[in-house]
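Inspection log for the structure reproduced underneath, given as structure tokens.
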Amino acid sequence: MTAIERLAEWLVALRWEDIPEGVRERARHQVANVVASMIAGAENDDAASVRRAVSGWGTAGPCTVIPTGERLPLAEALLVGGAHSMALDYDDYVAMGHTGHSAVLVSLALAEMRGGPLRDPLVAQVAANEIGGRLGASVVLGPQNGQAWSFLHAVEGAAVAAKLGGLDARRAAHALAIALYQPTFTLWPGFMGPGSKVLTAAPMVDGARAADFAREGMTGALDILEAPQKGFWASFAWAPLPARMDGLGERWVTDTIAYKKYPGCAYIGTTMDALFAACAEGGLRAADVDKVEVTANLLTVEMTNLSAPHLRPGAPLSPIHINFSIPYSVAVGLVGGRLGSRELGRSYLDAHDAEIRALAGRVALAHDWAMTRRTVDAFGGGADLMRLAPRDALRAVFGYLGMMGGDKEHRVGLAGIWRARGDGKPAGPIAFPARVVVTARDGRRFSAERDVPEGAPGAPRYFETVADKMRIEAEGRLAPGSAERILDLCRRYEDVTAAEIVAAATA
């Protein structure tokens, strides 16, 4: 049996009763989190471009766009909804992958089309998280990671549509295989700066269609993952980790879900938490700050290095660039006293352009190998590295060295990467350590350090992060009381309908 066939067999057999209540609870909050991200992202200029383009196609349909209320066919509604949820990088993530866009949007849209309570769609959503997160983990030693794994949305779209469409295991396997036949490979220049980044979740449309094709008899390559000649793993990983696909129904990827408190890459969360803690201790505002020193793990540093070339001289500040930049996220957070969708709006960035740029220039970022080791161990990556054959380990290490970006104060050496492999014992699902030292103009210094971002498992106020986000982003955009209505519906998700969710989120 191939890897795809094993996924399909588990997908088709999965029942509500098989899913632990703790996993269901995380999935309910995932829905609320994605809805909040769509409310926040709908005002983004690039998301609005997608919305206007689709409206020009002139076709109405059965699916409602949140929060703007257009009624569109399935494919068009997924395109616009995906642009809304992707626009500010304000979503959720699991170990490993940003699964929420497609897991939630495809299941909610299909549920609106078919009617009835959301119990089965929640099962399909969890299944998509489990399949998408495992597929991402299997290629983590490769040239992409995280949000750039856009192919996850194709396989998740296929999984959701196959599950809700009642496909048997054979047809579901072909649906997954068709979805991965032409996997998208995100290119950094289109992802780190320009508006095309809002299309990153668009492959979920092709995934949903793949299930339709399979239902009508189309076949796919069932060995698409492991095929040695130009198969998925051979093409998308320096050293594939097929064992990361195991444990379906035993270990739940959805248990690792983290909800973003701030719009931006997952790697900025701990820095922003520490920044606001240090400023609160000192009672500091932007005008009081002389400089900020951030020490962080390799992922956080390299995210910033890769984003740096995409801030074009003379160009307006871009929300997408800020999403991936520690200096600019810190600067916007200091100027606004918080970091939410409104601080990334076009009018706000233009009004505070000079102040933000000046503050960003006084933010220093440094790398710490001990922090990187904590990140590697938290995700169990040390165990993977220790099990690799020497040739595969070298391919992975040199692959990473070849793709690292930007001018760095701290050059990354081969020995350092190998030391970061840790002892192979996972310490927890999410850790992006960061330490922030804020120096005030009067010479006072305040510092804070965080390993786990708020909104991640193990952090304080885990589920409360989602509720806070919903209230903040819905205020002034939806009718009074809408945020509480949405949160209440999501708590009872399996007993309510998609029409109720949509009505509250477009009021």
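Ordered as shown in the structure tokens, chains take letters A, B, and onward, while each chain numbers its residues from 1 and ligands are numbered from 1 in the order shown.
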
*Which neighbours of Arg492 of chain A fall inside 12 Å, counting only C-alpha atoms, when residues of the same chain fewer than 2 positions from it are skipped, and could you give them as a PyMOL selection string?*
chain A and resi 24-25+27-29+31-32+117-119+122+485-490+494-498+500-501

*List the neighbours of segment 278-285 of chain A out to 8 Å using only C-alpha atoms; skip same-chain residues closer than 6 positions along the sequence, and give me the result as a PyMOL selection string.*
chain A and resi 334-335+337+436-438+440+446-448

Write the residues you've just listed into a file as an mmCIF file, in the first residue's frame, and include C-alpha atoms for each of them.
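Generated output (out-v6.cif):
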```cif
data_model
loop_
_atom_site.group_PDB
_atom_site.id
_atom_site.type_symbol
_atom_site.label_atom_id
_atom_site.label_comp_id
_atom_site.auth_asym_id
_atom_site.auth_seq_id
_atom_site.Cartn_x
_atom_site.Cartn_y
_atom_site.Cartn_z
ATOM 1 C CA LEU A 334 6.150 50.540 19.214
ATOM 2 C CA VAL A 335 4.478 53.281 17.198
ATOM 3 C CA GLY A 337 1.374 50.445 21.096
ATOM 4 C CA VAL A 436 14.327 41.641 23.765
ATOM 5 C CA VAL A 437 16.268 44.419 25.483
ATOM 6 C CA VAL A 438 14.787 47.913 25.181
ATOM 7 C CA ALA A 440 15.239 54.097 26.855
ATOM 8 C CA PHE A 446 14.252 46.686 30.280
ATOM 9 C CA SER A 447 14.296 43.118 29.021
ATOM 10 C CA ALA A 448 12.032 40.107 28.582
#
```

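Of the residues in segment 277-503 of chain A, those that DSSP places in strand (DSSP E or B) on the basis of the backbone are Val289, Asp290, Lys291, Val292, Glu293, Val294, Thr295, Ala296, Val363, Ala364, Leu365, Ala366, His367, Ala434, Arg435, Val436, Val437, Val438, Thr439, Ala440, Arg445, Phe446, Ser447, Ala448, Glu449, Arg450 and Thr497 of chain A.
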
Write the selection just made, keeping C-alpha atoms, as a PDB file, in the first residue's frame?
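Full text of again18.pdb as output:
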```pdb
ATOM      1  CA  VAL A 289      12.891  54.280  23.056  1.00  0.00           C
ATOM      2  CA  ASP A 290      16.503  54.756  22.032  1.00  0.00           C
ATOM      3  CA  LYS A 291      17.177  51.271  20.677  1.00  0.00           C
ATOM      4  CA  VAL A 292      15.932  47.690  20.741  1.00  0.00           C
ATOM      5  CA  GLU A 293      18.171  44.606  20.736  1.00  0.00           C
ATOM      6  CA  VAL A 294      16.590  41.289  19.762  1.00  0.00           C
ATOM      7  CA  THR A 295      18.333  37.944  20.142  1.00  0.00           C
ATOM      8  CA  ALA A 296      16.517  35.031  18.543  1.00  0.00           C
ATOM      9  CA  VAL A 363      16.444  47.627  16.029  1.00  0.00           C
ATOM     10  CA  ALA A 364      19.356  45.160  16.077  1.00  0.00           C
ATOM     11  CA  LEU A 365      18.809  41.426  15.533  1.00  0.00           C
ATOM     12  CA  ALA A 366      21.306  38.748  16.564  1.00  0.00           C
ATOM     13  CA  HIS A 367      21.308  34.964  16.449  1.00  0.00           C
ATOM     14  CA  ALA A 434      13.553  35.403  21.582  1.00  0.00           C
ATOM     15  CA  ARG A 435      15.005  37.905  24.045  1.00  0.00           C
ATOM     16  CA  VAL A 436      14.327  41.641  23.765  1.00  0.00           C
ATOM     17  CA  VAL A 437      16.268  44.419  25.483  1.00  0.00           C
ATOM     18  CA  VAL A 438      14.787  47.913  25.181  1.00  0.00           C
ATOM     19  CA  THR A 439      17.041  50.856  26.021  1.00  0.00           C
ATOM     20  CA  ALA A 440      15.239  54.097  26.855  1.00  0.00           C
ATOM     21  CA  ARG A 445      17.132  49.129  30.147  1.00  0.00           C
ATOM     22  CA  PHE A 446      14.252  46.686  30.280  1.00  0.00           C
ATOM     23  CA  SER A 447      14.296  43.118  29.021  1.00  0.00           C
ATOM     24  CA  ALA A 448      12.032  40.107  28.582  1.00  0.00           C
ATOM     25  CA  GLU A 449      12.459  36.656  27.066  1.00  0.00           C
ATOM     26  CA  ARG A 450       9.889  34.258  25.651  1.00  0.00           C
ATOM     27  CA  THR A 497     -25.021  25.422  10.455  1.00  0.00           C
TER      28      THR A 497
END
```

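You can rank A:Ser318, A:Thr186, A:Gln30, A:Asn323 by their closest distance to Met303 of chain A using only C-alpha atoms, and at the top of that list sits A:Asn323.
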
_For Arg342 of chain A: contacts at 9 Å, only C-alpha atoms, fewer than 5 positions along chain excluded, given as a ChimeraX atom specification_ = /A:40,348,473

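Take the candidates A:Val452, A:Leu164, A:Ala75, A:Ile131 and check each one against Arg209 of chain A using only C-alpha atoms; the shortest distance goes to A:Ala75.
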
*For Arg6 of chain A, which residue among A:Asp392, A:Asp377, A:Asp223, A:Glu355 is the nearest when counting only C-alpha atoms?*
A:Asp223

*If you measure from atom CA of Thr304 of chain A to atom CA of Ser325 of chain A, what distance in Å do you get, rounded to one decimal?*
4.6 Å

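The closest residue to Ala393 of chain A, picked from A:Ala351, A:Gly142, A:Ile224, A:Thr254 and counting only C-alpha atoms, is A:Gly142.
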
*Which neighbours of Arg477 of chain A fall inside 10 Å, counting only C-alpha atoms, when residues of the same chain fewer than 3 positions from it are skipped, and could you give them as a PyMOL selection string?*
chain A and resi 39-40+43+67-68+472-474+480+482+505-507

Once you have the residues from the selection above, write them out as a PDB file, in the first residue's frame, restricted to N, CA and C atoms.
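For reference, selection31.pdb as written:
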```pdb
ATOM      1  N   ILE A  39     -11.873  38.658   8.562  1.00  0.00           N
ATOM      2  CA  ILE A  39     -12.415  39.977   8.892  1.00  0.00           C
ATOM      3  C   ILE A  39     -11.305  41.022   8.847  1.00  0.00           C
ATOM      4  N   ALA A  40     -10.143  40.660   9.400  1.00  0.00           N
ATOM      5  CA  ALA A  40      -9.013  41.587   9.430  1.00  0.00           C
ATOM      6  C   ALA A  40      -8.422  41.817   8.048  1.00  0.00           C
ATOM      7  N   GLU A  43      -9.781  44.203   4.343  1.00  0.00           N
ATOM      8  CA  GLU A  43      -9.491  45.599   4.005  1.00  0.00           C
ATOM      9  C   GLU A  43      -8.130  45.774   3.333  1.00  0.00           C
ATOM     10  N   PRO A  67     -15.745  38.770   5.175  1.00  0.00           N
ATOM     11  CA  PRO A  67     -16.931  39.328   5.818  1.00  0.00           C
ATOM     12  C   PRO A  67     -17.782  40.177   4.875  1.00  0.00           C
ATOM     13  N   THR A  68     -17.424  40.197   3.575  1.00  0.00           N
ATOM     14  CA  THR A  68     -18.011  41.171   2.657  1.00  0.00           C
ATOM     15  C   THR A  68     -19.359  40.739   2.083  1.00  0.00           C
ATOM     16  N   ILE A 472     -11.268  42.262  18.840  1.00  0.00           N
ATOM     17  CA  ILE A 472     -10.499  43.408  18.337  1.00  0.00           C
ATOM     18  C   ILE A 472     -10.787  43.637  16.855  1.00  0.00           C
ATOM     19  N   GLU A 473     -10.758  42.571  16.075  1.00  0.00           N
ATOM     20  CA  GLU A 473     -10.871  42.725  14.625  1.00  0.00           C
ATOM     21  C   GLU A 473     -12.301  42.956  14.159  1.00  0.00           C
ATOM     22  N   ALA A 474     -13.283  42.451  14.908  1.00  0.00           N
ATOM     23  CA  ALA A 474     -14.684  42.662  14.512  1.00  0.00           C
ATOM     24  C   ALA A 474     -15.197  44.044  14.891  1.00  0.00           C
ATOM     25  N   PRO A 480     -22.556  45.484  16.145  1.00  0.00           N
ATOM     26  CA  PRO A 480     -22.305  45.232  17.571  1.00  0.00           C
ATOM     27  C   PRO A 480     -22.844  43.863  17.985  1.00  0.00           C
ATOM     28  N   SER A 482     -21.581  41.023  17.124  1.00  0.00           N
ATOM     29  CA  SER A 482     -21.249  39.966  16.159  1.00  0.00           C
ATOM     30  C   SER A 482     -20.101  39.094  16.648  1.00  0.00           C
ATOM     31  N   ALA A 505     -20.908  36.482  10.622  1.00  0.00           N
ATOM     32  CA  ALA A 505     -19.620  37.027  10.192  1.00  0.00           C
ATOM     33  C   ALA A 505     -19.733  38.016   9.043  1.00  0.00           C
ATOM     34  N   THR A 506     -20.955  38.267   8.560  1.00  0.00           N
ATOM     35  CA  THR A 506     -21.157  39.263   7.513  1.00  0.00           C
ATOM     36  C   THR A 506     -22.145  40.352   7.951  1.00  0.00           C
ATOM     37  N   ALA A 507     -22.493  40.347   9.232  1.00  0.00           N
ATOM     38  CA  ALA A 507     -23.503  41.291   9.716  1.00  0.00           C
ATOM     39  C   ALA A 507     -22.968  42.712   9.731  1.00  0.00           C
TER      40      ALA A 507
END
```

*asked:* Report, in Å to a single decimal, how far apart atom CA of Asp368 of chain A and atom CA of Val139 of chain A are.
replied: 24.9 Å
